[in-house]
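Written out below as structure tokens is the structure these notes cover.
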Amino acid sequence: MVSGEWFSFTIHHLPFTILHSPFAIKKEMDYKPREIEKKWKQWWNENQVYKVSNKSDKPKFYVLDMFPYPSGSGLHVGHPLGYIASDIYSRYKRMSGFNVLHPMGYDAFGLPAEQYAIQTGVHPAKSTAENIDRYRAQLDNLGFSFDWSREVQTCDPQYYKWTQWIFLQLFNHWYNNESDKATPIEDLVGIFETKGNEQVNAANSQDGIFTADEWNAMDAKSKSDVLMNYRLAYRKTTFVWWCEELGTVLANDEVKDGVSDRGGFPVERKPMLQWSLRITAYAERLLNDLQEVDFSDAMKKMQGNWIGRSEGAQLFFNLSPALPKGEGDGTSLPPLEGAGERLEVFTTRPDTIFGATFMVLAPEHDLVKEITTPDQQKEINEYLSFVNTRSERDRISETKEVSGAFTGAYAINSFNGAKIPIWIAEYVLKDYGTGAIMAVPADDERDRRFAEKFDIEIIEIIDKSMHPGASIEDKKGKMINSDFMNGMEVLDAIEAILQKTEEMGIGKRQVNFRLRDAIYSRQRYWGEPFPIVYDESGIAHALPIEELPLELPKSEDFKPASGNESPLARVKDWVNLPNGWKRETDTMPGFAGSSWYFLRYMDADNDQEFASQEALNYWQDVDLYVGGTEHAVGHLMYSRFWHKFLYDKGLVPKKEPYKKLLNQGMIQGVIESMYLLKKKINGDSKFVCAKLAKQMGITDYVQIPVLIDYVVNYGSPESYLNTAAVKKFMEWRPEYADAIFECSKGTFHKGVFTPKGDATESHLFTFSEVGKMSKSKFNVINPDDVVEQYGADTFRMYEMFLGPIEQAKPWDTKGIDGVSKFLRKLWSMFFDANGHFTVSDETPTKGEMKTLHTCIKKIKEDIERFSFNTCVSGFMICVNELRSQNCNKRAVLEPLVKLIAPFAPHLAEDLWHSLGHDSTVCLADFPVLDESFLVEDSIPYPISINGTKRDLIEFPANATKDELKKMALELESVQKWIDGKTIRKVIVVPKRIINIVVV
RNA sequence: GCCGAAGUGGCGGAACUGGUAGACGCGCUGGAUUCAAAAUCCAGUUCCCGCAAGGGAGUAGGGGUUCGAUUCCCCUCUUCGGUACCA
């Protein structure tokens, strides 16, 4: 550019440019990302650009990332995907006039650090701190705009003080179903003292009813036991998932497919005394309030299914003792007392009662012992021991095969006096409903299988002939063989029987949830200690707030203890208090700290409260929460539950913690593996080429994952190892130093390649598949390496460019060159070949302004709908167009720099300062769209004949429909197609298309 | 099995409310520059027929609604995610 142009600008227009004549700035001509990134990161840091205040005139906006668990392997390229998206959004909002809270922290308690400690002896506190340092360095490398002054670590006593405090609040409350909110436990004591528990409508696990007198007569321990059954955090013996390998109990969502989610170890059902949280009290609200939040339908569905609400009825059946063979009415049943006298089942289809030809109890059901007749005792015992040997995996894998045993006892159908035999079977679960069902083989698939196997009568009760193809769930058909319901439609019959059973006092409407209370105890060291002490009689007492945080003792002995004991039990001087009381030795689970961390960021240093009311009222809730779907039923449910509890207490202003949830897809890795023959050849291992292995049976070989760095063309079907790679592989895995490597080109053995034909080197095909990026698959790509080569801005934009944020996709470094090239092009628009700053203050052309404003419109719209991949292509189009226009005008380039600042902040900051600014681009105003630049004089109209495009013609933008129609029909290209035909119709869609229909 | 999401060139993907299918990028092909390479720049690139002009087909497959369908409806197939004796 000619430098003379620089002095023609008007000074009031852009006053600062005078300070920077083109001669004053001498830049390196090339874009050097690593240099400028280092420089501006430091500058941002020194100037505390990202620090955010709780006081502002601007509207608030809270952008939250799911904080990471700092694992030993560090971040891989998949982790930052969500962080980049949220960072772009935060920066965009900040520039658009919002006071943006965008914090980061660490979910630092958990099993892996402890497993690592057991293997290596390194204390979890130490390894966790080291991992956090590493994560921080990796995160810093990517230029995120986090306000680190608000960092939280869940293992920090100043943080978990409040985790413990919230736990104690849960401990000190019960759930009142009448007012539908959590209520202080003192209130409940007051009710018990005056009225007993009969009138209390609470979420509870209490069996039986007591009067005020009975309550008042109880000793302290009994009272404490009763109250425990009402608390929101309670201790009870329940069947829990026990993982022997991990030495701890696990929650429902930590068990998948019958094995532990972490580590994949077997789990078993076991009755244990454990702390639990009564999340079931909130089931209905957790379900209903999903309507208010902006989560994906898939996410809502997942949570809805997990909660699993079903409407039905609770029905009671009188029991009948089985008559001993060949005798009169002598009974072998002991008299039952209290509620146990009747069998209680849950069913969604009370209308089918006349088809109930047997009852099934869960094997663990309390009644089993009491009702089993002597004749059947042996059979029942055998079945119970069979059930005991079955792992959860067995039960899951054999869902088609039914098994069971007859107790010898009967239930009575109150409507017709029919005697219904009572069985026990694995397929009925102790946990769900009442742990007992009435089985209707005519109308239930499992019940039918069972009846067929054990030759039990099947009574058809619904005539579905009018509804061919309708499933059982459709609830269609006419009742038959059903006494007073005969002829009714199913839905009417359900209503009729519900009324009747309620009148007769043998049943009532009931809603059931699949959701279980959350087991909250872990027999581990590396977690929050419970702020609970037990007195001599075993009554649990809350620690007073002054004693919080109850710090985790600095034990070096964190190995799992024998039996069900927790490692903390061995720290005797910590457990045993001077007054003879004992501390709880279990620790809290991983989800404890993560259930409320987003609130702590609002006021992270507060040592008086978990966060001040002022801060909570300012920030309110999370506007945008970005994270993976894997937390759908765990973390998200727990934190919504805790938040609702705090809301009941008036401690947080909103019912729901997260307004909008964005789920980023997983970035997967490519797993490359080699085929190792199971059979050794003369004592040596042998690997064969993937193409050879395909011809063999799957049982002949095992797949050995190989470090992807060695593989040529990794990720493609043509991936292979050449001779050099095979050598590297042998160095890496010395146990295979003497192995034979056979491929179609020849055989490699002990450093010698024996070719088949004239091949010169080995060409050992490997097998490629897309899968999880993980240390054990040797396919981890460290973002640091990519950043080192291309720079953080390129990395950020490339990750966004890969595809829609919500979609899973495999990492592929090919293609990053395109983004890198784009940023260099953008850079080069500001400098000439000699590195002179060449931005001019000339007035831009209409075309240049149109290009700019088209881009502004696109970027703004696309950021707002989280379509970051199309933003990147929008920038590319803009830069390509401006370059073809040879644009170097400040009035275009300066807004462009601001536009791209959320995506490539380092580059933008550098150019921004080159443009003469002293303040940061991060807080500059985001460019505003001026539609007037987008107005067109003419519009290209596709002309189609019968829906097929035949021409593309520019017509004046202000032409009327009739004019357009006339002009279109006159076109030569149109005449050709309509010649000799009849025009049926001409459709003119202004600004879109003209379609001519001919016959 | 049930629930949910998706299926578009050689590849990643675009087309937001039914209106030019394949934007943008990678890769590939040709050319310029260079002693040469890298880098850069220019041109081309859905498939089929054709030198071309042009024509035909085409968004997993089949059917439908419509002047017009990647988009809406029905059926089938495939892939991914969730969940699973839930009564």
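In the structure tokens, chains take the letters A, B, ... in the order shown, each chain's residues start at 1, and ligands count up from 1 in the order shown.
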
Name the residues in contact with segment 17-32 of chain B at a cut-off of 6 Å, using only C-alpha atoms (C1' of nucleotides), excluding same-chain residues fewer than 3 positions from it; report them as an MDAnalysis selection string.
(chainID A and resid 815 818 873 942 993) or (chainID B and resid 14)

Restricting it to all heavy atoms, dump the selection as a tab-separated table (two decimals), in the first residue's frame.
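Resulting contents of part05.tsv:
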```
chain	number	residue	atom	x	y	z
A	815	GLY	N	-6.58	-31.73	7.76
A	815	GLY	CA	-7.60	-30.70	7.69
A	815	GLY	C	-7.27	-29.49	8.54
A	815	GLY	O	-7.78	-28.41	8.30
A	818	GLY	N	-5.98	-26.39	6.72
A	818	GLY	CA	-6.90	-25.45	6.11
A	818	GLY	C	-7.18	-24.27	7.03
A	818	GLY	O	-7.22	-23.13	6.61
A	873	SER	N	-16.52	-21.40	8.79
A	873	SER	CA	-16.58	-21.28	7.33
A	873	SER	C	-17.04	-19.89	6.94
A	873	SER	O	-16.62	-19.36	5.90
A	873	SER	CB	-17.44	-22.39	6.72
A	873	SER	OG	-18.78	-22.21	7.02
A	942	PRO	N	-33.50	-18.55	-9.38
A	942	PRO	CA	-33.46	-19.83	-10.10
A	942	PRO	C	-34.79	-19.98	-10.83
A	942	PRO	O	-35.85	-19.77	-10.23
A	942	PRO	CB	-33.31	-20.88	-9.00
A	942	PRO	CG	-33.23	-20.16	-7.71
A	942	PRO	CD	-33.62	-18.74	-7.93
A	993	ILE	N	-37.58	-18.00	-5.73
A	993	ILE	CA	-37.58	-18.92	-6.86
A	993	ILE	C	-38.77	-18.65	-7.78
A	993	ILE	O	-39.78	-18.07	-7.35
A	993	ILE	CB	-37.63	-20.39	-6.37
A	993	ILE	CG1	-37.12	-21.36	-7.44
A	993	ILE	CG2	-39.03	-20.76	-5.91
A	993	ILE	CD1	-36.88	-22.76	-6.89
B	14	A	P	-23.09	-29.82	9.46
B	14	A	OP1	-23.24	-28.96	10.65
B	14	A	OP2	-23.95	-30.99	9.28
B	14	A	O5'	-23.19	-28.89	8.18
B	14	A	C5'	-22.57	-27.61	8.21
B	14	A	C4'	-22.92	-26.82	6.99
B	14	A	O4'	-22.48	-27.50	5.80
B	14	A	C3'	-24.39	-26.60	6.74
B	14	A	O3'	-24.91	-25.60	7.59
B	14	A	C2'	-24.37	-26.15	5.29
B	14	A	O2'	-23.93	-24.80	5.19
B	14	A	C1'	-23.27	-27.04	4.72
B	14	A	N9	-23.79	-28.20	3.99
B	14	A	C8	-23.74	-29.52	4.33
B	14	A	N7	-24.29	-30.31	3.44
B	14	A	C5	-24.72	-29.45	2.45
B	14	A	C6	-25.37	-29.65	1.23
B	14	A	N6	-25.71	-30.86	0.78
B	14	A	N1	-25.66	-28.57	0.48
B	14	A	C2	-25.32	-27.37	0.93
B	14	A	N3	-24.70	-27.05	2.06
B	14	A	C4	-24.42	-28.14	2.78
```

Filtered DSSP result for segment 380-583 of chain A, state alpha helix (DSSP H), as a ChimeraX atom specification
/A:380-389,392-397,445-454,490-504,572-575

Residues just named, written with C-alpha atoms as a PDB file, in the first residue's frame:
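Full text of again_30.pdb as output:
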```pdb
ATOM      1  CA  ILE A 380     -37.516 -72.549  48.224  1.00  0.00           C
ATOM      2  CA  ASN A 381     -34.173 -72.903  49.985  1.00  0.00           C
ATOM      3  CA  GLU A 382     -32.624 -74.412  46.901  1.00  0.00           C
ATOM      4  CA  TYR A 383     -33.931 -71.612  44.776  1.00  0.00           C
ATOM      5  CA  LEU A 384     -32.693 -68.971  47.211  1.00  0.00           C
ATOM      6  CA  SER A 385     -29.200 -70.403  47.181  1.00  0.00           C
ATOM      7  CA  PHE A 386     -29.297 -70.529  43.394  1.00  0.00           C
ATOM      8  CA  VAL A 387     -30.204 -66.830  43.335  1.00  0.00           C
ATOM      9  CA  ASN A 388     -27.351 -66.097  45.699  1.00  0.00           C
ATOM     10  CA  THR A 389     -24.771 -67.557  43.369  1.00  0.00           C
ATOM     11  CA  GLU A 392     -25.706 -59.286  38.372  1.00  0.00           C
ATOM     12  CA  ARG A 393     -24.207 -60.080  34.997  1.00  0.00           C
ATOM     13  CA  ASP A 394     -25.830 -63.509  34.902  1.00  0.00           C
ATOM     14  CA  ARG A 395     -29.169 -61.992  35.715  1.00  0.00           C
ATOM     15  CA  ILE A 396     -28.850 -59.454  32.948  1.00  0.00           C
ATOM     16  CA  SER A 397     -27.610 -61.849  30.312  1.00  0.00           C
ATOM     17  CA  GLU A 445     -44.923 -61.300  28.295  1.00  0.00           C
ATOM     18  CA  ARG A 446     -42.779 -62.369  31.266  1.00  0.00           C
ATOM     19  CA  ASP A 447     -45.708 -63.712  33.207  1.00  0.00           C
ATOM     20  CA  ARG A 448     -46.725 -65.751  30.201  1.00  0.00           C
ATOM     21  CA  ARG A 449     -43.261 -67.292  29.865  1.00  0.00           C
ATOM     22  CA  PHE A 450     -43.317 -68.129  33.538  1.00  0.00           C
ATOM     23  CA  ALA A 451     -46.782 -69.663  33.398  1.00  0.00           C
ATOM     24  CA  GLU A 452     -45.866 -71.752  30.375  1.00  0.00           C
ATOM     25  CA  LYS A 453     -42.715 -73.049  32.009  1.00  0.00           C
ATOM     26  CA  PHE A 454     -44.395 -73.972  35.283  1.00  0.00           C
ATOM     27  CA  VAL A 490     -59.655 -51.316  29.252  1.00  0.00           C
ATOM     28  CA  LEU A 491     -59.288 -47.690  30.268  1.00  0.00           C
ATOM     29  CA  ASP A 492     -62.792 -47.622  31.734  1.00  0.00           C
ATOM     30  CA  ALA A 493     -62.157 -50.897  33.507  1.00  0.00           C
ATOM     31  CA  ILE A 494     -59.044 -49.497  35.169  1.00  0.00           C
ATOM     32  CA  GLU A 495     -61.064 -46.586  36.507  1.00  0.00           C
ATOM     33  CA  ALA A 496     -63.890 -48.885  37.634  1.00  0.00           C
ATOM     34  CA  ILE A 497     -61.684 -51.279  39.526  1.00  0.00           C
ATOM     35  CA  LEU A 498     -59.757 -48.467  41.177  1.00  0.00           C
ATOM     36  CA  GLN A 499     -62.976 -47.067  42.579  1.00  0.00           C
ATOM     37  CA  LYS A 500     -64.139 -50.448  43.720  1.00  0.00           C
ATOM     38  CA  THR A 501     -60.896 -51.402  45.441  1.00  0.00           C
ATOM     39  CA  GLU A 502     -60.747 -48.073  47.208  1.00  0.00           C
ATOM     40  CA  GLU A 503     -64.337 -48.542  48.444  1.00  0.00           C
ATOM     41  CA  MET A 504     -63.538 -52.016  49.651  1.00  0.00           C
ATOM     42  CA  LYS A 572      -7.944 -44.616  65.740  1.00  0.00           C
ATOM     43  CA  ASP A 573      -7.088 -41.275  67.316  1.00  0.00           C
ATOM     44  CA  TRP A 574      -9.313 -39.546  64.773  1.00  0.00           C
ATOM     45  CA  VAL A 575     -12.223 -41.959  65.049  1.00  0.00           C
TER      46      VAL A 575
END
```

To one decimal in Å, tell me the separation between atom CA of Glu536 of chain A and atom CA of Lys221 of chain A.
10.2 Å

Which residues are close to segment 593-597 of chain A, i.e. within 7 Å by only C-alpha atoms (C1' of nucleotides), leaving aside same-chain residues fewer than 4 positions away? Reply as a ChimeraX atom specification.
/A:107,154,160,163,601,635,638-639,642

Output N, CA, C and O atoms of each residue in that selection to a file, as a PDB file, in the first residue's frame.
```
ATOM      1  N   ASP A 107     -12.887 -31.312  40.037  1.00  0.00           N
ATOM      2  CA  ASP A 107     -13.626 -32.318  40.781  1.00  0.00           C
ATOM      3  C   ASP A 107     -12.560 -33.281  41.313  1.00  0.00           C
ATOM      4  O   ASP A 107     -12.212 -34.241  40.650  1.00  0.00           O
ATOM      5  N   THR A 154     -12.700 -29.520  44.885  1.00  0.00           N
ATOM      6  CA  THR A 154     -13.624 -30.157  45.833  1.00  0.00           C
ATOM      7  C   THR A 154     -12.905 -30.799  47.015  1.00  0.00           C
ATOM      8  O   THR A 154     -13.513 -31.062  48.034  1.00  0.00           O
ATOM      9  N   TYR A 160     -14.963 -28.174  50.971  1.00  0.00           N
ATOM     10  CA  TYR A 160     -15.832 -29.266  51.430  1.00  0.00           C
ATOM     11  C   TYR A 160     -16.440 -29.006  52.797  1.00  0.00           C
ATOM     12  O   TYR A 160     -17.344 -29.707  53.216  1.00  0.00           O
ATOM     13  N   THR A 163     -19.738 -28.560  51.584  1.00  0.00           N
ATOM     14  CA  THR A 163     -20.339 -29.825  51.151  1.00  0.00           C
ATOM     15  C   THR A 163     -20.873 -30.544  52.392  1.00  0.00           C
ATOM     16  O   THR A 163     -21.985 -31.072  52.405  1.00  0.00           O
ATOM     17  N   TYR A 601     -18.735 -20.957  42.886  1.00  0.00           N
ATOM     18  CA  TYR A 601     -18.027 -20.014  42.005  1.00  0.00           C
ATOM     19  C   TYR A 601     -18.564 -18.585  42.173  1.00  0.00           C
ATOM     20  O   TYR A 601     -17.861 -17.626  41.933  1.00  0.00           O
ATOM     21  N   HIS A 635     -24.586 -36.868  37.825  1.00  0.00           N
ATOM     22  CA  HIS A 635     -24.350 -35.510  38.297  1.00  0.00           C
ATOM     23  C   HIS A 635     -25.533 -34.558  38.090  1.00  0.00           C
ATOM     24  O   HIS A 635     -25.917 -33.818  38.989  1.00  0.00           O
ATOM     25  N   TYR A 638     -28.360 -35.344  40.548  1.00  0.00           N
ATOM     26  CA  TYR A 638     -28.004 -35.025  41.928  1.00  0.00           C
ATOM     27  C   TYR A 638     -27.963 -33.517  42.151  1.00  0.00           C
ATOM     28  O   TYR A 638     -28.444 -33.017  43.160  1.00  0.00           O
ATOM     29  N   SER A 639     -27.354 -32.796  41.197  1.00  0.00           N
ATOM     30  CA  SER A 639     -27.231 -31.362  41.446  1.00  0.00           C
ATOM     31  C   SER A 639     -28.592 -30.666  41.333  1.00  0.00           C
ATOM     32  O   SER A 639     -28.861 -29.716  42.061  1.00  0.00           O
ATOM     33  N   TRP A 642     -30.099 -31.369  44.806  1.00  0.00           N
ATOM     34  CA  TRP A 642     -29.538 -30.511  45.869  1.00  0.00           C
ATOM     35  C   TRP A 642     -30.048 -29.081  45.726  1.00  0.00           C
ATOM     36  O   TRP A 642     -30.357 -28.406  46.685  1.00  0.00           O
TER      37      TRP A 642
END
```

Distance filter 12 Å, only C-alpha atoms (C1' of nucleotides), chain B against chain A, as a PyMOL selection string:
chain B and resi 1-6+10-16+19-21+23-27+39-40+54-55+66-69+80-87

Excluding Ala108 of chain A and its own-chain neighbours fewer than 4 positions away, which residues fall within 7 Å of it when counting only C-alpha atoms (C1' of nucleotides)? Please give them as a VMD selection string.
chain A and resid 69 to 70 128 153 to 155

Contacts of segment 142-150 of chain A at 6 Å (only C-alpha atoms (C1' of nucleotides); same-chain gap of 6+ positions) as number ranges by chain:
A: 50-51, 102-103, 601, 604, 792

Could the residues in this selection be saved with N, CA, C and O atoms as a compact mmCIF listing (two decimals), in the first residue's frame?
```
# COMPACT_ATOMS: atom_id res chain seq x y z
N TYR A 50 -9.90 -11.09 32.74
CA TYR A 50 -11.05 -12.00 32.88
C TYR A 50 -11.65 -12.01 34.27
O TYR A 50 -12.54 -12.78 34.56
N LYS A 51 -11.12 -11.17 35.13
CA LYS A 51 -11.66 -11.13 36.49
C LYS A 51 -13.02 -10.46 36.43
O LYS A 51 -13.20 -9.42 35.79
N HIS A 102 -17.48 -16.87 34.16
CA HIS A 102 -17.00 -18.05 33.42
C HIS A 102 -15.84 -18.65 34.21
O HIS A 102 -14.69 -18.33 33.98
N PRO A 103 -16.17 -19.52 35.15
CA PRO A 103 -15.17 -20.05 36.07
C PRO A 103 -14.73 -21.47 35.72
O PRO A 103 -15.30 -22.10 34.85
N TYR A 601 -18.74 -20.96 42.89
CA TYR A 601 -18.03 -20.01 42.01
C TYR A 601 -18.56 -18.59 42.17
O TYR A 601 -17.86 -17.63 41.93
N ALA A 604 -16.54 -17.58 45.80
CA ALA A 604 -15.65 -18.70 46.12
C ALA A 604 -14.84 -18.55 47.41
O ALA A 604 -14.40 -19.55 47.97
N ALA A 792 -2.55 -22.04 19.48
CA ALA A 792 -3.81 -22.28 20.16
C ALA A 792 -5.00 -21.79 19.34
O ALA A 792 -6.06 -22.42 19.32
```

Using DSSP on the backbone, list every residue of segment 667-796 of chain A that comes out as strand (DSSP E), and give them as a ChimeraX atom specification.
/A:667-677,686-688,701-705,720-721,740-743,746-749,752-755,764-765,767-771

Measure the distance from atom CA of Arg134 of chain A to atom CA of Arg524 of chain A in Å and round it to one decimal.
25.0 Å

Nearest-residue call for Tyr525 of chain A, choices A:Thr280, A:Gln975, A:Thr587, A:Asn481, using only C-alpha atoms
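Using only C-alpha atoms, Tyr525 of chain A sits closest to A:Thr587.
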
Separation of atom CA of Trp827 of chain A from atom CA of Asn782 of chain A, in Å and rounded to one decimal
26.5 Å

Who sits within 12 Å of Glu193 of chain A, only C-alpha atoms (C1' of nucleotides), same chain under 6 positions skipped, as a count of residues only:
12

Residues within 9 Å of Cys743 of chain A, please, as an NGL selection string. Count only C-alpha atoms (C1' of nucleotides); anything in the same chain fewer than 3 positions from it doesn't count.
:A and (687-692 or 746-748 or 762-765)

Dump of C-alpha atoms for the selected residues, as a JSON list (two decimals), in the first residue's frame:
```
[["chain", "number", "residue", "atom", "x", "y", "z"],
["A", 687, "PHE", "CA", 1.90, -61.20, 14.31],
["A", 688, "VAL", "CA", 0.06, -61.32, 11.03],
["A", 689, "CYS", "CA", -1.18, -58.64, 8.73],
["A", 690, "ALA", "CA", -4.82, -57.57, 9.21],
["A", 691, "LYS", "CA", -5.64, -58.76, 5.70],
["A", 692, "LEU", "CA", -4.28, -62.22, 6.46],
["A", 746, "GLY", "CA", 7.25, -60.84, 3.34],
["A", 747, "THR", "CA", 8.27, -61.78, 6.83],
["A", 748, "PHE", "CA", 10.21, -59.81, 9.40],
["A", 762, "SER", "CA", 7.39, -54.83, 5.41],
["A", 763, "HIS", "CA", 3.82, -53.63, 4.87],
["A", 764, "LEU", "CA", 1.92, -54.96, 7.84],
["A", 765, "PHE", "CA", -1.69, -53.79, 7.71]]
```
